[in-house]
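This is target.cif. It holds mmCIF, C-alpha atoms.
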```
data_target
#
loop_
_atom_site.label_atom_id
_atom_site.label_comp_id
_atom_site.auth_asym_id
_atom_site.auth_seq_id
_atom_site.Cartn_x
_atom_site.Cartn_y
_atom_site.Cartn_z
CA MET A 1 0.00 0.00 0.00
CA PRO A 2 1.57 3.36 -0.97
CA PHE A 3 0.10 5.13 2.05
CA VAL A 4 -0.71 4.47 5.69
CA ILE A 5 -3.08 5.94 8.25
CA ALA A 6 -0.41 7.77 10.16
CA GLN A 7 -2.49 9.35 12.87
CA ALA A 8 -6.05 8.60 13.83
CA LEU A 9 -5.93 9.06 17.59
CA PRO A 10 -2.44 8.73 19.12
CA VAL A 11 -4.08 9.05 22.52
CA PRO A 12 -7.69 8.10 23.25
CA MET A 13 -10.24 10.85 22.73
CA ARG A 14 -12.02 11.46 26.03
CA LEU A 15 -15.76 12.13 25.79
CA ALA A 16 -18.64 12.22 28.24
CA ARG A 17 -21.84 10.27 27.54
CA GLU A 18 -24.03 11.91 24.84
CA ARG A 19 -21.16 14.22 23.89
CA GLN A 20 -20.41 14.90 20.18
CA GLU A 21 -16.98 15.65 18.80
CA PHE A 22 -14.81 15.27 15.69
CA PHE A 23 -11.85 12.92 15.39
CA ALA A 24 -9.15 13.18 12.74
CA ILE A 25 -7.91 10.73 10.12
CA ASP A 26 -4.49 11.43 8.62
CA LEU A 27 -3.04 9.66 5.58
CA ARG A 28 0.68 9.68 4.83
CA LEU A 29 2.81 8.24 2.03
CA THR A 30 4.96 5.27 2.96
CA PRO A 31 8.70 6.07 2.61
CA GLY A 32 9.90 5.82 -0.98
CA SER A 33 6.42 5.83 -2.51
CA ALA A 34 5.55 7.96 -5.53
CA PRO A 35 3.05 10.82 -5.06
CA ILE A 36 -0.65 10.03 -5.39
CA SER A 37 -2.71 12.38 -7.57
CA GLY A 38 -6.45 11.86 -7.33
CA ASN A 39 -6.85 8.12 -6.77
CA LYS A 40 -10.46 7.59 -5.65
CA GLU A 41 -10.64 5.40 -2.55
CA MET A 42 -13.28 4.16 -0.12
CA ILE A 43 -12.66 5.21 3.48
CA TRP A 44 -14.56 3.42 6.24
CA VAL A 45 -15.07 3.81 9.98
CA GLU A 46 -16.29 1.07 12.31
CA PHE A 47 -17.50 2.92 15.39
CA PRO A 48 -16.93 1.37 18.85
CA VAL A 49 -19.75 -0.30 20.73
CA GLY A 50 -21.28 2.58 22.72
CA ALA A 51 -20.61 5.21 20.05
CA THR A 52 -22.33 6.21 16.82
CA PHE A 53 -22.26 8.54 13.84
CA PRO A 54 -24.77 11.29 14.80
CA LYS A 55 -28.01 11.67 12.85
CA ASP A 56 -26.85 15.00 11.42
CA GLY A 57 -23.17 14.05 11.51
CA LYS A 58 -20.60 15.58 9.16
CA VAL A 59 -17.38 14.51 7.49
CA TYR A 60 -14.90 17.12 6.27
CA TYR A 61 -11.65 17.14 4.36
CA HIS A 62 -9.18 19.85 5.43
CA ALA A 63 -6.58 20.71 2.78
CA PRO A 64 -3.81 23.11 3.92
CA LYS A 65 -4.29 25.39 0.90
CA LYS A 66 -8.10 25.34 0.57
CA PRO A 67 -11.19 25.85 2.73
CA ARG A 68 -12.53 22.71 4.36
CA GLU A 69 -14.75 20.53 2.14
CA GLU A 70 -17.84 18.70 3.38
CA LEU A 71 -17.92 15.14 1.99
CA ALA A 72 -20.95 13.07 1.07
CA CYS A 73 -21.27 9.75 2.91
CA PHE A 74 -23.11 6.52 2.24
CA PRO A 75 -26.08 5.90 4.59
CA TYR A 76 -24.79 4.98 8.02
CA ASP A 77 -25.03 1.22 8.71
CA SER A 78 -26.18 1.33 12.34
CA ALA A 79 -26.39 -2.48 12.66
CA ASN A 80 -22.67 -2.80 11.94
CA ARG A 81 -21.77 0.69 13.23
CA ARG A 82 -20.11 1.36 9.88
CA LEU A 83 -19.70 4.64 7.96
CA GLN A 84 -18.26 4.81 4.43
CA PHE A 85 -17.35 7.65 2.09
CA ASN A 86 -15.34 8.08 -1.10
CA HIS A 87 -12.61 10.62 -1.70
CA SER A 88 -9.89 11.37 -4.25
CA ILE A 89 -6.54 10.97 -2.50
CA HIS A 90 -3.76 13.50 -3.05
CA LEU A 91 -0.50 12.80 -1.22
CA GLY A 92 2.81 14.48 -1.98
CA ASP A 93 1.72 15.77 -5.41
CA GLN A 94 2.05 19.49 -4.49
CA SER A 95 -1.57 20.14 -5.44
CA ASP A 96 -3.88 22.42 -3.45
CA GLU A 97 -5.70 19.27 -2.24
CA ALA A 98 -2.54 17.47 -1.09
CA ASP A 99 -1.69 16.23 2.39
CA GLY A 100 -4.82 17.25 4.25
CA TYR A 101 -6.75 15.34 6.91
CA TYR A 102 -10.33 14.18 7.51
CA SER A 103 -12.53 15.03 10.47
CA VAL A 104 -15.47 12.77 11.31
CA ASN A 105 -18.33 13.29 13.76
CA ILE A 106 -18.74 10.84 16.62
CA GLN A 107 -21.23 10.72 19.52
CA VAL A 108 -21.14 8.67 22.69
CA LEU A 109 -24.42 6.92 23.49
CA PRO A 110 -26.22 7.57 26.81
CA ASP A 111 -25.71 3.97 28.02
CA ALA A 112 -22.04 3.63 27.00
CA LEU A 113 -19.69 2.09 29.53
CA GLU A 114 -17.22 4.45 31.17
CA ASP A 115 -14.29 2.59 29.71
CA LEU A 116 -11.86 2.52 26.80
CA LEU A 117 -13.89 1.68 23.69
CA TRP A 118 -12.27 0.29 20.55
CA GLY A 119 -13.30 0.72 16.93
CA ARG A 120 -11.49 0.63 13.59
CA LEU A 121 -11.01 2.70 10.50
CA GLY A 122 -9.38 1.98 7.19
CA ILE A 123 -8.75 2.68 3.54
CA GLY A 124 -7.89 -0.18 1.22
CA THR A 125 -5.63 -2.54 3.20
CA ALA A 126 -4.44 0.22 5.57
CA THR A 127 -6.21 0.17 8.95
CA ALA A 128 -5.85 1.88 12.31
CA PRO A 129 -7.54 1.67 15.71
CA LEU A 130 -10.16 4.16 16.84
CA ARG A 131 -10.07 4.54 20.61
CA ILE A 132 -12.63 6.48 22.67
CA GLN A 133 -12.30 6.94 26.42
CA VAL A 134 -15.77 7.47 27.89
CA GLY A 135 -15.77 9.55 31.03
CA PRO A 136 -15.76 13.15 32.29
CA PRO A 137 -14.35 15.45 29.60
CA GLY A 138 -10.67 16.26 29.78
CA PRO A 139 -8.99 19.65 29.42
CA ARG A 140 -10.33 21.87 26.64
CA PRO A 141 -8.59 24.65 24.72
CA VAL A 142 -8.96 28.12 26.20
CA PRO A 143 -11.89 29.97 24.52
CA GLY A 144 -11.65 33.44 23.05
CA ASN A 145 -8.80 35.16 21.23
CA LEU A 146 -5.47 33.58 22.14
CA LEU A 147 -3.52 36.36 20.43
CA LYS A 148 -2.61 39.43 22.42
CA ASN A 149 -3.31 42.79 20.81
CA GLY A 150 -5.14 41.22 17.88
CA GLY A 151 -6.79 44.57 17.16
CA PHE A 152 -3.45 46.47 17.31
CA THR A 153 -4.93 48.76 19.95
CA ASP A 154 -1.87 48.71 22.21
CA VAL A 155 0.73 50.93 20.54
CA ARG A 156 3.58 52.56 22.49
CA PHE A 157 4.94 55.76 20.97
CA ARG A 158 8.21 57.61 21.50
CA PRO A 159 7.88 60.29 24.22
CA GLY A 160 6.22 63.38 22.80
CA ASN A 161 5.06 61.65 19.63
CA ASP A 162 1.73 60.25 18.52
CA TRP A 163 -0.30 59.73 15.38
CA ARG A 164 0.80 62.08 12.59
CA PRO A 165 -1.02 62.99 9.34
CA LEU A 166 0.63 61.93 6.09
CA GLU A 167 -1.10 62.26 2.72
CA GLY A 168 -4.41 62.72 4.50
CA VAL A 169 -4.04 59.60 6.70
CA LEU A 170 -3.07 59.30 10.39
CA TYR A 171 0.09 57.18 10.62
CA GLY A 172 1.91 55.90 13.70
CA ARG A 173 5.43 55.96 12.34
CA GLU A 174 6.96 56.91 15.69
CA ALA A 175 5.67 53.76 17.40
CA GLN A 176 8.17 51.94 19.60
CA LYS A 177 6.20 48.80 20.39
CA LEU A 178 3.22 46.85 19.05
CA ASP A 179 2.71 45.01 22.34
CA ALA A 180 3.06 41.22 21.90
CA TRP A 181 3.86 41.30 18.16
CA THR A 182 7.42 40.82 16.93
CA VAL A 183 8.11 43.03 13.90
CA GLY A 184 10.69 42.39 11.21
CA GLN A 185 11.65 42.35 7.53
CA TYR A 186 12.02 39.59 5.00
CA LYS A 187 15.46 40.09 3.45
CA GLY A 188 15.09 37.61 0.60
CA ARG A 189 16.73 34.22 -0.01
CA GLY A 190 14.99 32.71 3.00
CA VAL A 191 16.30 35.25 5.54
CA TRP A 192 13.91 36.70 8.15
CA ALA A 193 15.26 39.54 10.32
CA ALA A 194 13.42 40.68 13.43
CA SER A 195 13.71 44.32 14.44
CA LYS A 196 16.78 44.59 16.69
CA THR A 197 15.14 47.29 18.81
CA GLY A 198 11.65 45.76 18.70
CA GLU A 199 10.35 48.93 17.07
CA PRO A 200 8.02 48.73 14.06
CA GLY A 201 9.75 51.83 12.63
CA ARG A 202 9.26 51.76 8.85
CA LEU A 203 9.18 47.94 8.63
CA VAL A 204 5.39 47.99 8.85
CA ASP A 205 3.10 51.01 8.95
CA LEU A 206 0.39 51.63 11.54
CA ILE A 207 -2.78 53.45 10.46
CA ASN A 208 -5.25 54.92 12.95
CA GLY A 209 -8.35 52.76 12.78
CA ASP A 210 -10.78 55.25 14.31
CA ALA A 211 -9.82 57.89 11.73
CA ASP A 212 -9.07 55.86 8.61
CA GLY A 213 -10.03 52.21 9.21
CA GLN A 214 -13.46 52.32 7.55
CA PHE A 215 -14.13 49.00 9.25
CA PRO A 216 -17.19 46.95 8.24
CA ALA A 217 -20.11 47.42 10.62
CA ALA A 218 -21.40 43.87 10.12
CA ALA A 219 -18.24 42.05 11.27
CA GLU A 220 -18.73 39.27 13.81
CA PRO A 221 -17.25 39.63 16.34
CA PRO A 222 -17.54 43.39 15.86
CA PHE A 223 -14.56 45.72 15.72
CA ASP A 224 -13.88 47.47 19.02
CA LYS A 225 -13.24 51.18 19.33
CA GLY A 226 -9.53 51.84 19.24
CA GLU A 227 -8.60 49.01 16.86
CA ASN A 228 -5.95 49.99 14.33
CA VAL A 229 -4.60 48.81 10.99
CA VAL A 230 -1.21 47.37 9.99
CA ASP A 231 0.15 48.04 6.50
CA ILE A 232 2.33 44.96 6.22
CA ASN A 233 4.65 46.58 3.64
CA GLY A 234 5.75 49.62 5.60
CA ASP A 235 8.08 52.06 3.88
CA ASN A 236 8.78 49.96 0.75
CA THR A 237 9.77 46.89 2.77
CA CYS A 238 8.80 43.25 2.85
CA GLY A 239 7.66 43.60 6.43
CA PHE A 240 6.23 40.94 8.74
CA ILE A 241 4.70 40.59 12.19
CA GLU A 242 4.48 37.40 14.23
CA GLN A 243 3.39 36.14 17.64
CA THR A 244 3.82 32.80 19.42
CA VAL A 245 1.02 31.42 21.60
CA ASP A 246 0.41 28.30 23.67
CA VAL A 247 -2.04 25.73 22.26
CA THR A 248 -3.48 22.34 23.20
CA PRO A 249 -1.98 19.34 21.35
CA GLY A 250 -4.52 17.65 19.07
CA ALA A 251 -7.03 20.51 19.32
CA SER A 252 -8.57 22.42 16.40
CA TYR A 253 -8.20 26.16 15.91
CA GLU A 254 -9.06 28.89 13.44
CA LEU A 255 -7.05 31.97 12.50
CA ALA A 256 -9.42 34.74 11.40
CA PHE A 257 -8.55 38.24 10.18
CA HIS A 258 -9.55 41.02 7.78
CA THR A 259 -7.55 42.20 4.76
CA GLY A 260 -7.95 45.38 2.76
CA TYR A 261 -6.46 47.24 -0.19
CA HIS A 262 -4.13 50.11 0.73
CA VAL A 263 -5.95 53.41 1.25
CA LEU A 264 -3.40 55.40 -0.78
CA PRO A 265 -4.24 55.41 -4.51
CA ASN A 266 -1.82 53.51 -6.74
CA PRO A 267 0.30 55.98 -8.71
CA GLU A 268 0.55 53.69 -11.73
CA GLU A 269 -2.98 53.85 -13.10
CA PRO A 270 -4.38 52.16 -15.09
CA TYR A 271 -2.08 49.24 -14.21
CA ARG A 272 -2.76 49.40 -10.47
CA ARG A 273 -0.34 46.96 -8.96
CA PRO A 274 -1.82 44.33 -6.64
CA THR A 275 -1.22 44.19 -2.90
CA TYR A 276 0.07 41.02 -1.24
CA LEU A 277 -0.18 39.24 2.10
CA ARG A 278 0.82 35.80 3.32
CA ALA A 279 -0.79 34.45 6.49
CA GLU A 280 0.58 31.32 8.12
CA VAL A 281 0.61 29.28 11.30
CA ARG A 282 3.83 27.42 12.06
CA SER A 283 5.22 25.14 14.74
CA GLY A 284 8.84 24.58 15.66
CA LYS A 285 11.81 26.85 16.18
CA PRO A 286 11.67 30.02 14.04
CA GLY A 287 14.42 29.93 11.46
CA GLY A 288 15.03 26.27 12.19
CA ALA A 289 12.98 23.11 11.75
CA GLU A 290 9.57 24.72 11.30
CA THR A 291 6.38 22.99 10.13
CA VAL A 292 3.64 24.97 8.41
CA LEU A 293 0.24 23.97 9.82
CA ALA A 294 -1.84 26.38 7.72
CA TRP A 295 -1.10 29.12 5.20
CA ASP A 296 -2.53 31.11 2.32
CA ASP A 297 -1.44 33.90 -0.03
CA TYR A 298 -3.82 36.78 -0.69
CA VAL A 299 -3.68 39.17 -3.64
CA GLN A 300 -6.04 42.11 -3.82
CA TYR A 301 -6.48 44.80 -6.46
CA TYR A 302 -7.78 48.35 -6.34
CA THR A 303 -11.44 48.41 -5.34
CA GLY A 304 -12.36 51.41 -7.48
CA LYS A 305 -14.36 53.02 -4.66
CA GLY A 306 -13.11 56.40 -3.53
CA THR A 307 -13.40 57.86 -0.03
CA THR A 308 -12.39 61.15 1.58
CA ALA A 309 -9.19 61.42 3.60
CA SER A 310 -9.69 62.01 7.32
CA HIS A 311 -7.18 64.89 7.48
CA ASP A 312 -7.47 66.40 3.99
CA PRO A 313 -11.03 66.88 2.64
CA ASP A 314 -9.64 67.63 -0.83
CA LYS A 315 -7.78 64.31 -1.05
CA LYS A 316 -9.40 61.09 -2.25
CA LEU A 317 -8.39 57.69 -0.90
CA ASN A 318 -9.17 54.10 -1.78
CA ASP A 319 -11.89 52.23 0.06
CA PRO A 320 -10.05 49.28 1.73
CA GLY A 321 -12.83 46.89 0.68
CA TRP A 322 -12.31 44.76 3.81
CA ARG A 323 -12.59 40.98 3.38
CA GLU A 324 -12.78 38.45 6.20
CA ARG A 325 -10.38 35.49 5.91
CA ARG A 326 -10.37 32.23 7.87
CA LEU A 327 -7.68 29.55 8.16
CA PRO A 328 -8.67 26.38 10.09
CA PHE A 329 -5.99 24.00 11.33
CA ARG A 330 -5.36 21.25 13.85
CA VAL A 331 -2.40 21.13 16.22
CA PRO A 332 -0.37 17.89 15.95
CA GLN A 333 0.16 15.78 19.03
CA GLY A 334 3.23 16.88 20.97
CA VAL A 335 3.00 20.51 19.78
CA THR A 336 2.26 22.99 22.58
CA ALA A 337 2.92 26.34 20.86
CA VAL A 338 2.41 27.83 17.40
CA THR A 339 3.58 31.03 15.72
CA VAL A 340 1.19 33.20 13.72
CA ARG A 341 2.96 35.24 11.03
CA PHE A 342 1.72 37.84 8.54
CA ALA A 343 4.18 38.92 5.86
CA ASN A 344 4.42 40.77 2.56
CA PRO A 345 5.90 38.43 -0.06
CA GLY A 346 6.10 41.13 -2.75
CA ARG A 347 6.71 40.20 -6.37
CA SER A 348 9.47 37.66 -5.62
CA GLY A 349 7.57 35.70 -2.99
CA PHE A 350 9.63 33.81 -0.44
CA ASP A 351 11.73 31.78 -2.86
CA ALA A 352 15.01 30.92 -1.13
CA GLU A 353 16.93 31.66 -4.34
CA LEU A 354 15.49 35.14 -4.99
CA ASP A 355 16.09 38.54 -3.44
CA ALA A 356 13.20 40.31 -1.76
CA ASN A 357 11.20 42.63 -4.02
CA PRO A 358 8.68 44.77 -2.11
CA ASP A 359 7.56 46.33 -5.41
CA GLY A 360 6.72 49.77 -4.07
CA SER A 361 3.39 50.21 -2.27
CA SER A 362 2.47 46.55 -2.39
CA GLY A 363 1.46 46.02 1.23
CA MET A 364 -2.03 44.78 2.01
CA LEU A 365 -3.84 46.15 5.06
CA LEU A 366 -4.42 43.81 8.02
CA ALA A 367 -6.86 44.19 10.92
CA HIS A 368 -8.97 42.37 13.54
CA VAL A 369 -6.80 39.24 14.00
CA ARG A 370 -8.15 36.37 16.13
CA LEU A 371 -6.90 32.89 16.96
CA SER A 372 -9.61 30.79 18.59
CA ALA A 373 -10.25 27.17 19.54
CA THR A 374 -12.98 25.43 17.56
CA THR A 375 -14.97 22.22 17.88
CA ARG A 376 -14.10 21.06 14.34
#
```

Please express the file's structure as structure tokens.
Amino acid sequence: MPFVIAQALPVPMRLARERQEFFAIDLRLTPGSAPISGNKEMIWVEFPVGATFPKDGKVYYHAPKKPREELACFPYDSANRRLQFNHSIHLGDQSDEADGYYSVNIQVLPDALEDLLWGRLGIGTATAPLRIQVGPPGPRPVPGNLLKNGGFTDVRFRPGNDWRPLEGVLYGREAQKLDAWTVGQYKGRGVWAASKTGEPGRLVDLINGDADGQFPAAAEPPFDKGENVVDINGDNTCGFIEQTVDVTPGASYELAFHTGYHVLPNPEEPYRRPTYLRAEVRSGKPGGAETVLAWDDYVQYYTGKGTTASHDPDKKLNDPGWRERRLPFRVPQGVTAVTVRFANPGRSGFDAELDANPDGSSGMLLAHVRLSATTR
């Protein structure tokens, strides 16, 4: 078999009676095997005695480069406690669908024994145990936003300095600290350099949200008063910000944020260069053996909607055209911390063989960042 079920449940999932949850199924290529590109396979789950697939249960496939996909299942065989579904397998083929994982609903029955229950799951000849520990629920991830200063409200300025108008917009270019966020610059050829002083300086730009944010009123959760905006490009740089937080091994999370086009009009009409942003969640030592758990690149063009500058009524600005983005991911077993990074890849991207190319005013706007535990 060219692949194995590498991780179903390394430790038993602990659930109380009548509790619903998702468990994960991971597939991995066996060493030396060729990539798999779209082979359709039947995946099956034999639920333990005392557990079932819920009446309105769901099965999802989570690809690192795409939104999660809900999969259609065959009717659940309650007599044999068996669930089956088909899926096209992509492993190691560098496609957007490659190397994801499945999440499957499970529910403990009211009369289940408080014990370790055993089931099975498989695909082709590859099988793995499914273990459920019935009992009081174990520790859960901390609810709410795990990131500090996700709204960029906490900004420390140099003494005697504050927000200053520039081209009709209030900038915070004299900021010394962005609270918990580390600020830096991508130098090209795989080199990331954090600010030696910790100051954002011109590496990224801060824009006053109350004056120039034009935040969407329908956002959920809503924007708070005092939230600000980060221009991830700064003063013609490939800037980045990052923050490391503690997480629960094996738990599911979602990184959510808003992106917008830069408020300053592009000087190269009608070409109107795009703006760029990469968002990613990584585990491991920064600059060392890191593993990307979730990432996506965003490119956004001029919205075409003008708005009036807050500090110059005769100057027209771009409407940011805010878009909400969401990146779901699951923390591998043994991982207790992850790093969230937002960076401007510019025209060159992050190719280790190319120099950085910020490409002028190419920074996308970033706001309202949240990292939260989920039940998926």

For the contact check between range 179-247 of chain A and range 349-359 of chain A, emit one row per residue of range 179-247 of chain A within 9 Å, containing the shortest atom pair and the distance in Å rounded to one decimal, counting all atoms listed in the file, chain then rising number order, as a tab-separated table.
```
residue	atom	partner	partner_atom	distance
A:Tyr186	CA	A:Ala356	CA	6.9
A:Lys187	CA	A:Ala356	CA	5.7
A:Gly188	CA	A:Ala356	CA	4.1
A:Arg189	CA	A:Ala352	CA	3.9
A:Gly190	CA	A:Ala352	CA	4.5
A:Val191	CA	A:Ala352	CA	8.1
A:Asn233	CA	A:Pro358	CA	7.3
A:Asn236	CA	A:Pro358	CA	5.9
A:Thr237	CA	A:Pro358	CA	5.4
A:Cys238	CA	A:Pro358	CA	5.2
A:Gly239	CA	A:Pro358	CA	8.7
```

Any chance you can output those residues with C-alpha atoms as a compact mmCIF listing (two decimals), in the coordinates of the input?
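Contents of the output file out_19.txt:
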```txt
# COMPACT_ATOMS: atom_id res chain seq x y z
CA TYR A 186 12.02 39.59 5.00
CA LYS A 187 15.46 40.09 3.45
CA GLY A 188 15.09 37.61 0.60
CA ARG A 189 16.73 34.22 -0.01
CA GLY A 190 14.99 32.71 3.00
CA VAL A 191 16.30 35.25 5.54
CA ASN A 233 4.65 46.58 3.64
CA ASN A 236 8.78 49.96 0.75
CA THR A 237 9.77 46.89 2.77
CA CYS A 238 8.80 43.25 2.85
CA GLY A 239 7.66 43.60 6.43
```

Can you check which parts of range 100-196 of chain A lie within 8 Å of range 303-325 of chain A? Per residue, the shortest pair of atoms and distance in Å to one decimal, counting all atoms listed in the file, sorted by chain and number, as a Markdown table.
```
| residue | atom | partner | partner_atom | distance |
| --- | --- | --- | --- | --- |
| A:Pro165 | CA | A:His311 | CA | 6.7 |
| A:Glu167 | CA | A:Asp312 | CA | 7.7 |
| A:Gly168 | CA | A:His311 | CA | 4.6 |
| A:Val169 | CA | A:Ser310 | CA | 6.2 |
| A:Leu170 | CA | A:His311 | CA | 7.5 |
```

Item to check | Resolved residues for the PyMOL selection byres ((chain A and resi 43) around 10) as a PyMOL selection string | outcome: chain A and resi 25+40-42+44-45+73+83-87+121-124+126-127

Checklist entry - Taking into account all atoms listed in the file, which residue in the set A:Phe152, A:Phe223, A:Tyr76, A:Phe22 is nearest to Asn105 in chain A? => result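 Counting all atoms listed in the file, the residue closest to Asn105 in chain A is A:Phe22.
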
Item to check | Residues matched by the PyMOL selection byres ((chain A and resi 70) around 7) as a ChimeraX atom specification | outcome: /A:59-61,68-69,71-72

Translate the PyMOL selection byres ((chain A and resi 177) around 12) into a concrete residue list for this structure, as a PDB file with C-alpha atoms, keeping the file's coordinate frame.
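Result saved to out.pdb:
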```
ATOM      1  CA  ASN A 149      -3.310  42.790  20.810  1.00  0.00           C
ATOM      2  CA  PHE A 152      -3.450  46.470  17.310  1.00  0.00           C
ATOM      3  CA  THR A 153      -4.930  48.760  19.950  1.00  0.00           C
ATOM      4  CA  ASP A 154      -1.870  48.710  22.210  1.00  0.00           C
ATOM      5  CA  VAL A 155       0.730  50.930  20.540  1.00  0.00           C
ATOM      6  CA  ARG A 156       3.580  52.560  22.490  1.00  0.00           C
ATOM      7  CA  PHE A 157       4.940  55.760  20.970  1.00  0.00           C
ATOM      8  CA  ARG A 158       8.210  57.610  21.500  1.00  0.00           C
ATOM      9  CA  GLY A 172       1.910  55.900  13.700  1.00  0.00           C
ATOM     10  CA  ARG A 173       5.430  55.960  12.340  1.00  0.00           C
ATOM     11  CA  GLU A 174       6.960  56.910  15.690  1.00  0.00           C
ATOM     12  CA  ALA A 175       5.670  53.760  17.400  1.00  0.00           C
ATOM     13  CA  GLN A 176       8.170  51.940  19.600  1.00  0.00           C
ATOM     14  CA  LEU A 178       3.220  46.850  19.050  1.00  0.00           C
ATOM     15  CA  ASP A 179       2.710  45.010  22.340  1.00  0.00           C
ATOM     16  CA  ALA A 180       3.060  41.220  21.900  1.00  0.00           C
ATOM     17  CA  TRP A 181       3.860  41.300  18.160  1.00  0.00           C
ATOM     18  CA  THR A 182       7.420  40.820  16.930  1.00  0.00           C
ATOM     19  CA  VAL A 183       8.110  43.030  13.900  1.00  0.00           C
ATOM     20  CA  SER A 195      13.710  44.320  14.440  1.00  0.00           C
ATOM     21  CA  LYS A 196      16.780  44.590  16.690  1.00  0.00           C
ATOM     22  CA  THR A 197      15.140  47.290  18.810  1.00  0.00           C
ATOM     23  CA  GLY A 198      11.650  45.760  18.700  1.00  0.00           C
ATOM     24  CA  GLU A 199      10.350  48.930  17.070  1.00  0.00           C
ATOM     25  CA  PRO A 200       8.020  48.730  14.060  1.00  0.00           C
ATOM     26  CA  GLY A 201       9.750  51.830  12.630  1.00  0.00           C
ATOM     27  CA  VAL A 204       5.390  47.990   8.850  1.00  0.00           C
ATOM     28  CA  LEU A 206       0.390  51.630  11.540  1.00  0.00           C
ATOM     29  CA  ILE A 241       4.700  40.590  12.190  1.00  0.00           C
TER      30      ILE A 241
END
```

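Nearest to His62 in chain A of all the residues A:Pro159, A:Asp231, A:Phe329, A:Ile89 is A:Phe329, counting all atoms listed in the file.
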
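In terms of minimum interatomic distance to Trp192 in chain A, A:Ala343 ranks closest within A:Leu371, A:Leu15, A:Ala343, A:Ile106, counting all atoms listed in the file.
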
Item to check | Pick from A:Leu203, A:Val263, A:Leu29, A:Ala279 nearest to Ala294 in chain A, counting only C-alpha atoms | outcome: A:Ala279

Item to check | CA of Gly92 in chain A to CA of Glu290 in chain A, distance in Å rounded to a single decimal | outcome: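 These two atoms are separated by 18.1 Å.
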
Item to check | Length of the CA of Asp297 in chain A to CA of Arg278 in chain A vector [Å] | outcome: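 Here the two named atoms are 4.5 Å from each other.
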
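In terms of minimum interatomic distance to Asp205 in chain A, A:Gly363 ranks closest within A:Gly363, A:Pro110, A:Pro35, A:Pro75, counting only C-alpha atoms.
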
Checklist entry - What is the CA of Gly151 in chain A-CA of Gln300 in chain A distance in Å, reported with one decimal? => result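 One can read the CA of Gly151 in chain A to CA of Gln300 in chain A distance as 21.1 Å.
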
Once 5 Å is added on each side, what are the centre and the three edge lengths, in Å to one decimal, of the axis-aligned box enclosing the listed atoms of range 119-124 of chain A? Present them as JSON.
```
{"center_x": -10.6, "center_y": 1.3, "center_z": 9.1, "size_x": 15.4, "size_y": 12.9, "size_z": 25.7}
```

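Residues lying within 7 Å of Leu277 in chain A, counting only C-alpha atoms and ignoring same-chain neighbours fewer than 4 positions away, are A:Asp297, A:Tyr298, A:Val299, A:Phe342, A:Ala343, A:Asn344, A:Pro345, A:Met364.
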
Item to check | Nearest to Asp26 in chain A, chosen from A:Arg341, A:His90, A:Arg370, A:Arg347, with all atoms listed in the file counted in the distances | outcome: A:His90
